[in-house]
Amino acid sequence: MSNDAAQGKRIPYIRLRNIKKSFGHVIALDGVDLDVYPGEVMALVGDNGAGKSTLIKIISGVLNPDEGELSLNGKTFKHMTPSRAIELGISTVYQDLALVDCLDVASNIFLGREPLKACFFVDKKRMNRESEELLRRLKVSIPSVITPVEFLSGGQRQGVAVARSIKLQGRMIIFDEPTAAMGVSESARVLELIRSLGDEGFAVLVISHNLHHVFTIADCICVIRSGRLVKDFRTENTNPDQVVGFITGSNRYTEEYTEESITT
Amino acid sequence: MNRTKIKLLLGNIFPQLLLILVMLIMVIFLSVASPFFLTWDNFRNVFDHSSLYIILALGMTFVISSGGVDLSVGAVAALSGVCMAVAMQNGLGVGTSILIGLAAGGLVGAANGSIISLFKINPFIVTLGFMSLARGLALIITGGIPIYGFPRAFTWWGSGHIGPLNPPMLLAAFMAALAALVLNMSRFGYYTLALGGNEEALRRSGVSIHLYKIMVYLLCGVTAALGGLIVTARLNTAEPLAGWMLEMDSIAAVVLGGTSMKGGRGSIAGTLIACLLLGILRNGLVILSIPAYYQQLLIGMIILSAVIFAEVRSRKGLASTHKKERSTAV
Amino acid sequence: MKEKMKRMLAFMLLFSLVAFAAGCGSPASPPASGEKTGTGAAEEVKEDDDEVEKTAAGPAMNSKAQEIEQVLMDQLAPLPEFNTGEKIGVLIITLANPFWVAMKEGYEKAGAELGIEVAVMAAPTEGDTKSQLETLDAMVARDYAAIVASPIEPFNLVPGVVRANKKGIKVINLGPPISKEALKEAGGWLDGRITVDYEEQGAMAAEYIVEKLGPAGGKVAIIQGIPGAGQSEGRTAGAKKVFEAAENVEIVSIQPGNWDRNTAYNIASNILQAHPDIRAIFCCNDVMALAAADALEAAGKREGVIIFGVDFISEAHEAIKEGKLDGSIAYSIRVYSKAALILALKTVQGHAIPDEVFSPLALVSKENVAEFEGWE
């Protein structure tokens, strides 16, 4: 965990400035600024339709913003593309997990980055070996790396998806509802995995509706409401009730109160 | 770990083992029922006839594994044959003419793939369009009249001899081996299956799905053109109406072989066995002097039971599907 | 447990299928035996007896049929030995066309009459040239003494015929020609050919049409079969020659109907659309002529247009009687198929036969249709 002083010196992995996006008449994002730091788990919370998904789609290059810019590694971009995002180390573990059910675990982890031998054949042995190593490091337990993904449980699939993100040279990993519809022990394992990624130095951005989960893993929490970033907290300086207040926008006084409490 | 491996492997090849079993039963039955069935000459017939279906079905296996379908292969076979014939008529060499024919097939395939991928249109509709288009082109080029009479170097591809075998059989065997290597062991093969399994996942892995989709259909176009080469060379005639219903025959063989119409699962060995099985069936019915009507009936029944069988088997994975639903629900 | 049961169910499905295949294959099962002349012979001979009775008491037409048969038999003399039980394979074009179904019946009856074993095979559809060759190849693998073959187009059966030649199986070509040049090039030959003079068929029909149109003439159209097919090209050429020679007769359209009812129907309505003053349509077979008649009927323009077909299938016979069709060119299927089998027997028994035998023709129109009662 970092403290405020350290945060000041660190360089954000990605910096978003004044991101705007609308779909027809609906304004999804209305000038969002966001910094995500390496070694830190940031949670993005907000009500349905607040703009969370739109924001991560812009970061991962699936959508183009109407206005604003993204900067990474000292370079500034008007928009991303999926392949540029991957090149720059941003990978997203989506709700639908984007795994190929019919392929086995190792093939999924290496999808798009298969090692070759003799310039033609996929090096299956190397893929299996490296996948096993990686999954062991992430403490994900699966029956075998040659099991087709369709036979895995939700938590195992999540683990495979994370392993793939790391294999894609991901330095920043985005999770979209990682624990949705998952059992208690399964969620706990996934949360542990996410926390460990932050500790390993990855920049982690998590979208979740489950505040309990958010408070378990996040270093900081950003609240989005109606396309605006209304608040960001250090986790240790807030509590779930306060966050809910900002998500729903019910209490203006809460805002003043917290601002005061943070600055002091 | 090892037990998992063995279980997985057995699960994967089970449908093919069953096909082989059915084929063996058919062979035994036909050998008992007719003294003319189990002769080398007749088996040579079966291999010879199956070779065309095998070559077309190989390309079709890739397309269907990728979650698509190609209805244009029969027409493309005719068009390529006609292109080869016209090239030879105009004094081009046999090799060049064959290349022109293959290029024509590849071109139609690439066009199929491009439109399907870039405009995101259902492959059924696009390839249906190209089926009509290719057939029309073949009719226009020939004026509706078959082109006849080619050099021996060309007809060799259909009716030559290589030891006890002939070029179509060897071409089919070579192509099958190549296809098995590509589908199971190359990046192209992995991506073909991934396209059928989850196209979006592949796209998000930074792979150009346009490129691979186009390549899948291009490959299918080239195998269709190879089929055209065999038909044209064997009959020593380039007919604009050649390859009639060949698309249906090859789709049937691919599905019978255990490749899933939903995509994501493909078996070259299965396709090969299915083609031989259908070849033996067609041959056997003629040997037994059973009229053509029953051929169609039986082939239809076999395909239906294969599809039902595959569906029943895939229900086994129901439990894991439930888990998947749980984890993906919002 | 449940999964196991499902697997069992699947197994059973497949095995029952194989069992079905076996059932179909066994000569003892009803569908197969019905197709085999050997086992069904007794029944069919009885049918023949009935006809002999009919013949004795029948109207004048029988003398006409007998006359045609006699003409052909004279051509074929000396006759070979019958009731020798030889196996003869017949490869026709398709059983999806009534003409070929009638031919199949003709062959089987003639086989019973001549005391030989006949098996008739066909391609699945009229356009499937490759399957037809494959069927021939499989037939060559059997023990036939001779094969009578009618190809879909001149070249598709050539490799199969060469294989039959090598195995010593005699090959008689009936109807549409197998290209002799292509055969020669491939090192094969035909042992005999029996056919109908297609040009003559077209010419006969066209002459009738020209006569009916009278000196005023008018617009005529031709609906062909599959372009490039022998019957189609021959009939078209014959009709074209007569039409072109006739004064005031103008050919406004020659379209390929691919022997297909639906295609012909559409073509006929299109022709009518383009030329409302059309006076006659000659179609290269009856199926297409019937479709053309339907199309004109539907447009309310059947009156005053002469529609002629070829083959004289039974549906056409009815249609001519009803006045729906103006006429057709007939050749006795019974005589035609019988002659082919006799030719085959002759070559098997070592007789010399002429290079080409023509089956005699008859023009049927509403004027003389009564004489064709019971024609086959």
# chains A, B, ... in the order shown; residues from 1 in each chain; ligands from 1

call {"tool": "closest_atom_pairs", "arguments": {"of": "chain A", "to": "chain B", "cutoff": "6 Å", "atoms": "only C-alpha atoms", "output": "CSV"}}
result
residue,atom,partner,partner_atom,distance
A:Ser83,CA,B:Gly206,CA,4.7
A:Gln95,CA,B:Thr328,CA,5.8
A:Asp96,CA,B:Thr328,CA,5.3
A:Ala98,CA,B:Ala201,CA,4.3
A:Leu99,CA,B:Ala201,CA,5.6
A:Val100,CA,B:Asn198,CA,5.1
A:Cys102,CA,B:Gly264,CA,5.7
A:Gly112,CA,B:Ser205,CA,5.5
A:Phe120,CA,B:Ser186,CA,5.9
A:Phe121,CA,B:Ser186,CA,4.8
A:Val122,CA,B:Ser186,CA,5.3
A:Phe151,CA,B:Ser320,CA,5.3
A:Ser153,CA,B:Lys323,CA,5.6
A:Gly154,CA,B:Ser327,CA,4.7
A:Ala180,CA,B:Val330,CA,5.9
A:Ala181,CA,B:Arg326,CA,5.2
A:Met182,CA,B:Ser327,CA,5.8

call {"tool": "interface_residues", "arguments": {"of": "chain C", "to": "chain B", "cutoff": "6 Å", "atoms": "only C-alpha atoms", "output": "MDAnalysis selection string"}}
result
chainID C and resid 10 121 124 138 141:142 156 227:228

call {"tool": "residues_around", "arguments": {"residues": "Gly109 (chain B)", "least_positions_apart": "2", "cutoff": "6 Å", "atoms": "only C-alpha atoms", "output": "list in words"}}
result
Gly106, Leu107, Ala111, Asn112, Tyr217, Leu218 and Gly221 of chain B

call {"tool": "write_last_selection", "arguments": {"atoms": "C-alpha atoms", "output": "mmCIF file, in the first residue's frame"}}
result
data_model
loop_
_atom_site.group_PDB
_atom_site.id
_atom_site.type_symbol
_atom_site.label_atom_id
_atom_site.label_comp_id
_atom_site.auth_asym_id
_atom_site.auth_seq_id
_atom_site.Cartn_x
_atom_site.Cartn_y
_atom_site.Cartn_z
ATOM 1 C CA GLY B 106 -8.892 -18.584 -54.805
ATOM 2 C CA LEU B 107 -10.206 -15.264 -56.052
ATOM 3 C CA ALA B 111 -14.134 -12.405 -52.389
ATOM 4 C CA ASN B 112 -16.469 -14.592 -50.319
ATOM 5 C CA TYR B 217 -12.522 -18.898 -47.560
ATOM 6 C CA LEU B 218 -9.612 -18.491 -49.943
ATOM 7 C CA GLY B 221 -11.947 -21.672 -52.964
#

call {"tool": "residues_around", "arguments": {"residues": "Ile90 (chain A)", "least_positions_apart": "2", "cutoff": "8 Å", "atoms": "only C-alpha atoms", "output": "PyMOL selection string"}}
result
chain A and resi 59-60+85-88+92+170-174

call {"tool": "residues_around", "arguments": {"residues": "Leu79 (chain B)", "least_positions_apart": "4", "cutoff": "8 Å", "atoms": "only C-alpha atoms", "output": "PyMOL selection string"}}
result
chain B and resi 75+83+101+104-105+134-135+137-138+225+228+240

call {"tool": "residues_around", "arguments": {"residues": "region 62-75 of chain A", "least_positions_apart": "3", "cutoff": "7 Å", "atoms": "only C-alpha atoms", "output": "MDAnalysis selection string"}}
result
chainID A and resid 13:21 57:58 78:82

call {"tool": "write_last_selection", "arguments": {"atoms": "N, CA and C atoms", "output": "PDB file, in the first residue's frame"}}
result
ATOM      1  N   TYR A  13       0.400   5.101 -14.883  1.00  0.00           N
ATOM      2  CA  TYR A  13       0.583   4.240 -16.064  1.00  0.00           C
ATOM      3  C   TYR A  13      -0.176   4.811 -17.244  1.00  0.00           C
ATOM      4  N   ILE A  14      -1.415   5.238 -16.962  1.00  0.00           N
ATOM      5  CA  ILE A  14      -2.190   5.895 -18.021  1.00  0.00           C
ATOM      6  C   ILE A  14      -2.870   7.115 -17.441  1.00  0.00           C
ATOM      7  N   ARG A  15      -2.963   8.154 -18.275  1.00  0.00           N
ATOM      8  CA  ARG A  15      -3.547   9.417 -17.828  1.00  0.00           C
ATOM      9  C   ARG A  15      -4.623   9.788 -18.845  1.00  0.00           C
ATOM     10  N   LEU A  16      -5.871   9.926 -18.357  1.00  0.00           N
ATOM     11  CA  LEU A  16      -6.975  10.314 -19.244  1.00  0.00           C
ATOM     12  C   LEU A  16      -7.340  11.764 -18.941  1.00  0.00           C
ATOM     13  N   ARG A  17      -7.541  12.536 -19.996  1.00  0.00           N
ATOM     14  CA  ARG A  17      -7.888  13.939 -19.791  1.00  0.00           C
ATOM     15  C   ARG A  17      -9.115  14.327 -20.604  1.00  0.00           C
ATOM     16  N   ASN A  18     -10.110  14.842 -19.894  1.00  0.00           N
ATOM     17  CA  ASN A  18     -11.297  15.426 -20.521  1.00  0.00           C
ATOM     18  C   ASN A  18     -11.953  14.505 -21.564  1.00  0.00           C
ATOM     19  N   ILE A  19     -12.136  13.218 -21.192  1.00  0.00           N
ATOM     20  CA  ILE A  19     -12.728  12.262 -22.135  1.00  0.00           C
ATOM     21  C   ILE A  19     -14.230  12.492 -22.224  1.00  0.00           C
ATOM     22  N   LYS A  20     -14.690  12.706 -23.478  1.00  0.00           N
ATOM     23  CA  LYS A  20     -16.133  12.868 -23.691  1.00  0.00           C
ATOM     24  C   LYS A  20     -16.598  11.872 -24.731  1.00  0.00           C
ATOM     25  N   LYS A  21     -17.781  11.317 -24.470  1.00  0.00           N
ATOM     26  CA  LYS A  21     -18.331  10.378 -25.437  1.00  0.00           C
ATOM     27  C   LYS A  21     -19.841  10.401 -25.347  1.00  0.00           C
ATOM     28  N   LYS A  57     -14.041   0.716 -22.183  1.00  0.00           N
ATOM     29  CA  LYS A  57     -13.979   0.400 -23.613  1.00  0.00           C
ATOM     30  C   LYS A  57     -13.106   1.413 -24.337  1.00  0.00           C
ATOM     31  N   ILE A  58     -13.122   2.660 -23.870  1.00  0.00           N
ATOM     32  CA  ILE A  58     -12.260   3.675 -24.486  1.00  0.00           C
ATOM     33  C   ILE A  58     -10.802   3.391 -24.156  1.00  0.00           C
ATOM     34  N   LYS A  78      -5.202  10.380 -29.405  1.00  0.00           N
ATOM     35  CA  LYS A  78      -6.591  10.837 -29.479  1.00  0.00           C
ATOM     36  C   LYS A  78      -7.516   9.655 -29.174  1.00  0.00           C
ATOM     37  N   HIS A  79      -7.092   8.473 -29.619  1.00  0.00           N
ATOM     38  CA  HIS A  79      -7.889   7.264 -29.315  1.00  0.00           C
ATOM     39  C   HIS A  79      -6.993   6.044 -29.400  1.00  0.00           C
ATOM     40  N   MET A  80      -7.513   4.942 -28.884  1.00  0.00           N
ATOM     41  CA  MET A  80      -6.799   3.671 -28.907  1.00  0.00           C
ATOM     42  C   MET A  80      -7.382   2.789 -30.020  1.00  0.00           C
ATOM     43  N   THR A  81      -6.699   1.708 -30.320  1.00  0.00           N
ATOM     44  CA  THR A  81      -7.320   0.614 -31.076  1.00  0.00           C
ATOM     45  C   THR A  81      -7.011  -0.630 -30.256  1.00  0.00           C
ATOM     46  N   PRO A  82      -7.782  -1.721 -30.446  1.00  0.00           N
ATOM     47  CA  PRO A  82      -7.515  -2.905 -29.622  1.00  0.00           C
ATOM     48  C   PRO A  82      -6.057  -3.353 -29.723  1.00  0.00           C
TER      49      PRO A  82
END

call {"tool": "residues_around", "arguments": {"residues": "Leu128 (chain B)", "least_positions_apart": "6", "cutoff": "12 Å", "atoms": "only C-alpha atoms", "output": "ChimeraX atom specification"}}
result
/B:69-76,112,116,121-122,134-135,247

call {"tool": "write_last_selection", "arguments": {"atoms": "N, CA and C atoms", "output": "PDB file, in the first residue's frame"}}
result
ATOM      1  N   VAL B  69     -19.955 -21.252 -43.649  1.00  0.00           N
ATOM      2  CA  VAL B  69     -20.335 -22.297 -44.578  1.00  0.00           C
ATOM      3  C   VAL B  69     -20.057 -21.736 -45.967  1.00  0.00           C
ATOM      4  N   ASP B  70     -19.754 -22.599 -46.931  1.00  0.00           N
ATOM      5  CA  ASP B  70     -19.496 -22.121 -48.291  1.00  0.00           C
ATOM      6  C   ASP B  70     -20.354 -22.911 -49.265  1.00  0.00           C
ATOM      7  N   LEU B  71     -21.382 -22.249 -49.769  1.00  0.00           N
ATOM      8  CA  LEU B  71     -22.289 -22.921 -50.700  1.00  0.00           C
ATOM      9  C   LEU B  71     -21.803 -22.814 -52.134  1.00  0.00           C
ATOM     10  N   SER B  72     -20.708 -22.097 -52.349  1.00  0.00           N
ATOM     11  CA  SER B  72     -20.319 -21.819 -53.739  1.00  0.00           C
ATOM     12  C   SER B  72     -19.357 -22.852 -54.305  1.00  0.00           C
ATOM     13  N   VAL B  73     -18.935 -23.857 -53.513  1.00  0.00           N
ATOM     14  CA  VAL B  73     -17.831 -24.704 -53.978  1.00  0.00           C
ATOM     15  C   VAL B  73     -18.129 -25.465 -55.274  1.00  0.00           C
ATOM     16  N   GLY B  74     -19.348 -25.966 -55.413  1.00  0.00           N
ATOM     17  CA  GLY B  74     -19.679 -26.706 -56.642  1.00  0.00           C
ATOM     18  C   GLY B  74     -19.548 -25.813 -57.855  1.00  0.00           C
ATOM     19  N   ALA B  75     -20.107 -24.613 -57.757  1.00  0.00           N
ATOM     20  CA  ALA B  75     -20.053 -23.667 -58.865  1.00  0.00           C
ATOM     21  C   ALA B  75     -18.617 -23.205 -59.111  1.00  0.00           C
ATOM     22  N   VAL B  76     -17.849 -23.034 -58.031  1.00  0.00           N
ATOM     23  CA  VAL B  76     -16.456 -22.611 -58.178  1.00  0.00           C
ATOM     24  C   VAL B  76     -15.651 -23.706 -58.879  1.00  0.00           C
ATOM     25  N   ASN B 112     -15.522 -14.091 -51.326  1.00  0.00           N
ATOM     26  CA  ASN B 112     -16.469 -14.592 -50.319  1.00  0.00           C
ATOM     27  C   ASN B 112     -16.070 -14.113 -48.928  1.00  0.00           C
ATOM     28  N   ILE B 116     -17.923 -11.405 -46.411  1.00  0.00           N
ATOM     29  CA  ILE B 116     -18.441 -11.945 -45.148  1.00  0.00           C
ATOM     30  C   ILE B 116     -17.823 -11.198 -43.970  1.00  0.00           C
ATOM     31  N   ILE B 121     -21.646  -9.949 -43.166  1.00  0.00           N
ATOM     32  CA  ILE B 121     -22.880 -10.517 -43.699  1.00  0.00           C
ATOM     33  C   ILE B 121     -22.832 -12.025 -43.493  1.00  0.00           C
ATOM     34  N   ASN B 122     -23.987 -12.609 -43.264  1.00  0.00           N
ATOM     35  CA  ASN B 122     -24.106 -14.043 -43.063  1.00  0.00           C
ATOM     36  C   ASN B 122     -23.477 -14.812 -44.235  1.00  0.00           C
ATOM     37  N   ALA B 134     -20.747 -17.533 -59.810  1.00  0.00           N
ATOM     38  CA  ALA B 134     -19.732 -18.380 -60.432  1.00  0.00           C
ATOM     39  C   ALA B 134     -20.347 -19.267 -61.506  1.00  0.00           C
ATOM     40  N   ARG B 135     -21.539 -19.803 -61.210  1.00  0.00           N
ATOM     41  CA  ARG B 135     -22.216 -20.659 -62.196  1.00  0.00           C
ATOM     42  C   ARG B 135     -22.531 -19.839 -63.441  1.00  0.00           C
ATOM     43  N   GLU B 247     -21.594 -28.867 -53.275  1.00  0.00           N
ATOM     44  CA  GLU B 247     -21.516 -28.157 -51.994  1.00  0.00           C
ATOM     45  C   GLU B 247     -22.260 -28.941 -50.916  1.00  0.00           C
TER      46      GLU B 247
END

call {"tool": "atom_distance", "arguments": {"atom1": "CA of Ala203 (chain A)", "atom2": "CA of Asp219 (chain A)"}}
result
11.0 Å

call {"tool": "closest_residue", "arguments": {"among": "B:Leu278, B:Met88, B:Ala180, B:Ala173", "to": "Ile55 (chain B)", "atoms": "only C-alpha atoms"}}
result
B:Ala173

call {"tool": "select_by_dssp", "arguments": {"residues": "region 145-234 of chain B", "states": "strand (DSSP E or B)", "output": "PyMOL selection string"}}
result
chain B and resi 147-148+162+165+186

call {"tool": "write_last_selection", "arguments": {"atoms": "C-alpha atoms", "output": "short mmCIF file (atom, residue, chain, number, x, y, z; two decimals), in the first residue's frame"}}
result
data_model
loop_
_atom_site.label_atom_id
_atom_site.label_comp_id
_atom_site.auth_asym_id
_atom_site.auth_seq_id
_atom_site.Cartn_x
_atom_site.Cartn_y
_atom_site.Cartn_z
CA ILE B 147 -15.41 -27.50 -73.84
CA TYR B 148 -13.88 -30.80 -74.81
CA ILE B 162 0.84 -43.73 -60.57
CA LEU B 165 -3.15 -45.51 -57.79
CA SER B 186 -0.43 -24.25 -37.13
#

call {"tool": "closest_residue", "arguments": {"among": "C:Leu133, C:Ile223, C:Ile88, C:Ala112", "to": "Ala145 (chain C)", "atoms": "only C-alpha atoms"}}
result
C:Ile88

call {"tool": "select_by_dssp", "arguments": {"residues": "region 21-242 of chain B", "states": "helix (DSSP H, G or I)", "output": "VMD selection string"}}
result
chain B and resid 21 to 33 40 to 65 73 to 89 94 to 118 123 to 142 152 to 159 167 to 185 187 to 204 209 to 235

call {"tool": "atom_distance", "arguments": {"atom1": "CA of Gly111 (chain C)", "atom2": "CA of Pro159 (chain C)"}}
result
26.9 Å

call {"tool": "decode", "arguments": {"residues": "region 159-205 of chain A", "atoms": "C-alpha atoms", "output": "PDB file, in the first residue's frame"}}
result
ATOM      1  CA  GLY A 159      -7.859 -17.200 -13.801  1.00  0.00           C
ATOM      2  CA  VAL A 160      -7.169 -18.292 -17.360  1.00  0.00           C
ATOM      3  CA  ALA A 161      -8.284 -14.911 -18.664  1.00  0.00           C
ATOM      4  CA  VAL A 162      -5.924 -13.159 -16.256  1.00  0.00           C
ATOM      5  CA  ALA A 163      -3.090 -15.447 -17.250  1.00  0.00           C
ATOM      6  CA  ARG A 164      -3.753 -14.540 -20.852  1.00  0.00           C
ATOM      7  CA  SER A 165      -3.665 -10.817 -20.072  1.00  0.00           C
ATOM      8  CA  ILE A 166      -0.279 -11.290 -18.478  1.00  0.00           C
ATOM      9  CA  LYS A 167       0.958 -13.352 -21.397  1.00  0.00           C
ATOM     10  CA  LEU A 168      -0.050 -10.532 -23.716  1.00  0.00           C
ATOM     11  CA  GLN A 169       2.638  -8.496 -21.888  1.00  0.00           C
ATOM     12  CA  GLY A 170      -0.113  -6.689 -20.000  1.00  0.00           C
ATOM     13  CA  ARG A 171       1.151  -4.080 -17.521  1.00  0.00           C
ATOM     14  CA  MET A 172      -2.294  -2.719 -16.864  1.00  0.00           C
ATOM     15  CA  ILE A 173      -5.179  -5.112 -16.338  1.00  0.00           C
ATOM     16  CA  ILE A 174      -8.827  -4.072 -16.400  1.00  0.00           C
ATOM     17  CA  PHE A 175     -11.508  -6.249 -14.797  1.00  0.00           C
ATOM     18  CA  ASP A 176     -15.164  -5.860 -15.707  1.00  0.00           C
ATOM     19  CA  GLU A 177     -17.324  -7.336 -12.952  1.00  0.00           C
ATOM     20  CA  PRO A 178     -14.843 -10.083 -12.083  1.00  0.00           C
ATOM     21  CA  THR A 179     -16.977 -11.667  -9.354  1.00  0.00           C
ATOM     22  CA  ALA A 180     -20.435 -11.308 -10.860  1.00  0.00           C
ATOM     23  CA  ALA A 181     -22.596 -14.366 -10.208  1.00  0.00           C
ATOM     24  CA  MET A 182     -19.776 -16.232  -8.539  1.00  0.00           C
ATOM     25  CA  GLY A 183     -19.931 -18.308  -5.372  1.00  0.00           C
ATOM     26  CA  VAL A 184     -18.396 -17.068  -2.113  1.00  0.00           C
ATOM     27  CA  SER A 185     -15.218 -19.136  -2.069  1.00  0.00           C
ATOM     28  CA  GLU A 186     -14.746 -18.706  -5.807  1.00  0.00           C
ATOM     29  CA  SER A 187     -15.053 -14.912  -5.453  1.00  0.00           C
ATOM     30  CA  ALA A 188     -12.580 -14.931  -2.612  1.00  0.00           C
ATOM     31  CA  ARG A 189     -10.024 -16.700  -4.801  1.00  0.00           C
ATOM     32  CA  VAL A 190     -10.537 -14.252  -7.668  1.00  0.00           C
ATOM     33  CA  LEU A 191     -10.254 -11.256  -5.349  1.00  0.00           C
ATOM     34  CA  GLU A 192      -7.055 -12.671  -3.935  1.00  0.00           C
ATOM     35  CA  LEU A 193      -5.740 -13.012  -7.472  1.00  0.00           C
ATOM     36  CA  ILE A 194      -6.589  -9.387  -8.283  1.00  0.00           C
ATOM     37  CA  ARG A 195      -5.003  -8.129  -5.082  1.00  0.00           C
ATOM     38  CA  SER A 196      -1.843 -10.097  -5.792  1.00  0.00           C
ATOM     39  CA  LEU A 197      -1.630  -8.531  -9.263  1.00  0.00           C
ATOM     40  CA  GLY A 198      -1.590  -5.083  -7.635  1.00  0.00           C
ATOM     41  CA  ASP A 199       1.123  -6.215  -5.255  1.00  0.00           C
ATOM     42  CA  GLU A 200       3.156  -7.559  -8.165  1.00  0.00           C
ATOM     43  CA  GLY A 201       3.252  -4.080  -9.657  1.00  0.00           C
ATOM     44  CA  PHE A 202       0.489  -4.220 -12.251  1.00  0.00           C
ATOM     45  CA  ALA A 203      -1.810  -1.268 -12.701  1.00  0.00           C
ATOM     46  CA  VAL A 204      -5.260  -2.718 -11.991  1.00  0.00           C
ATOM     47  CA  LEU A 205      -8.632  -1.154 -12.753  1.00  0.00           C
TER      48      LEU A 205
END
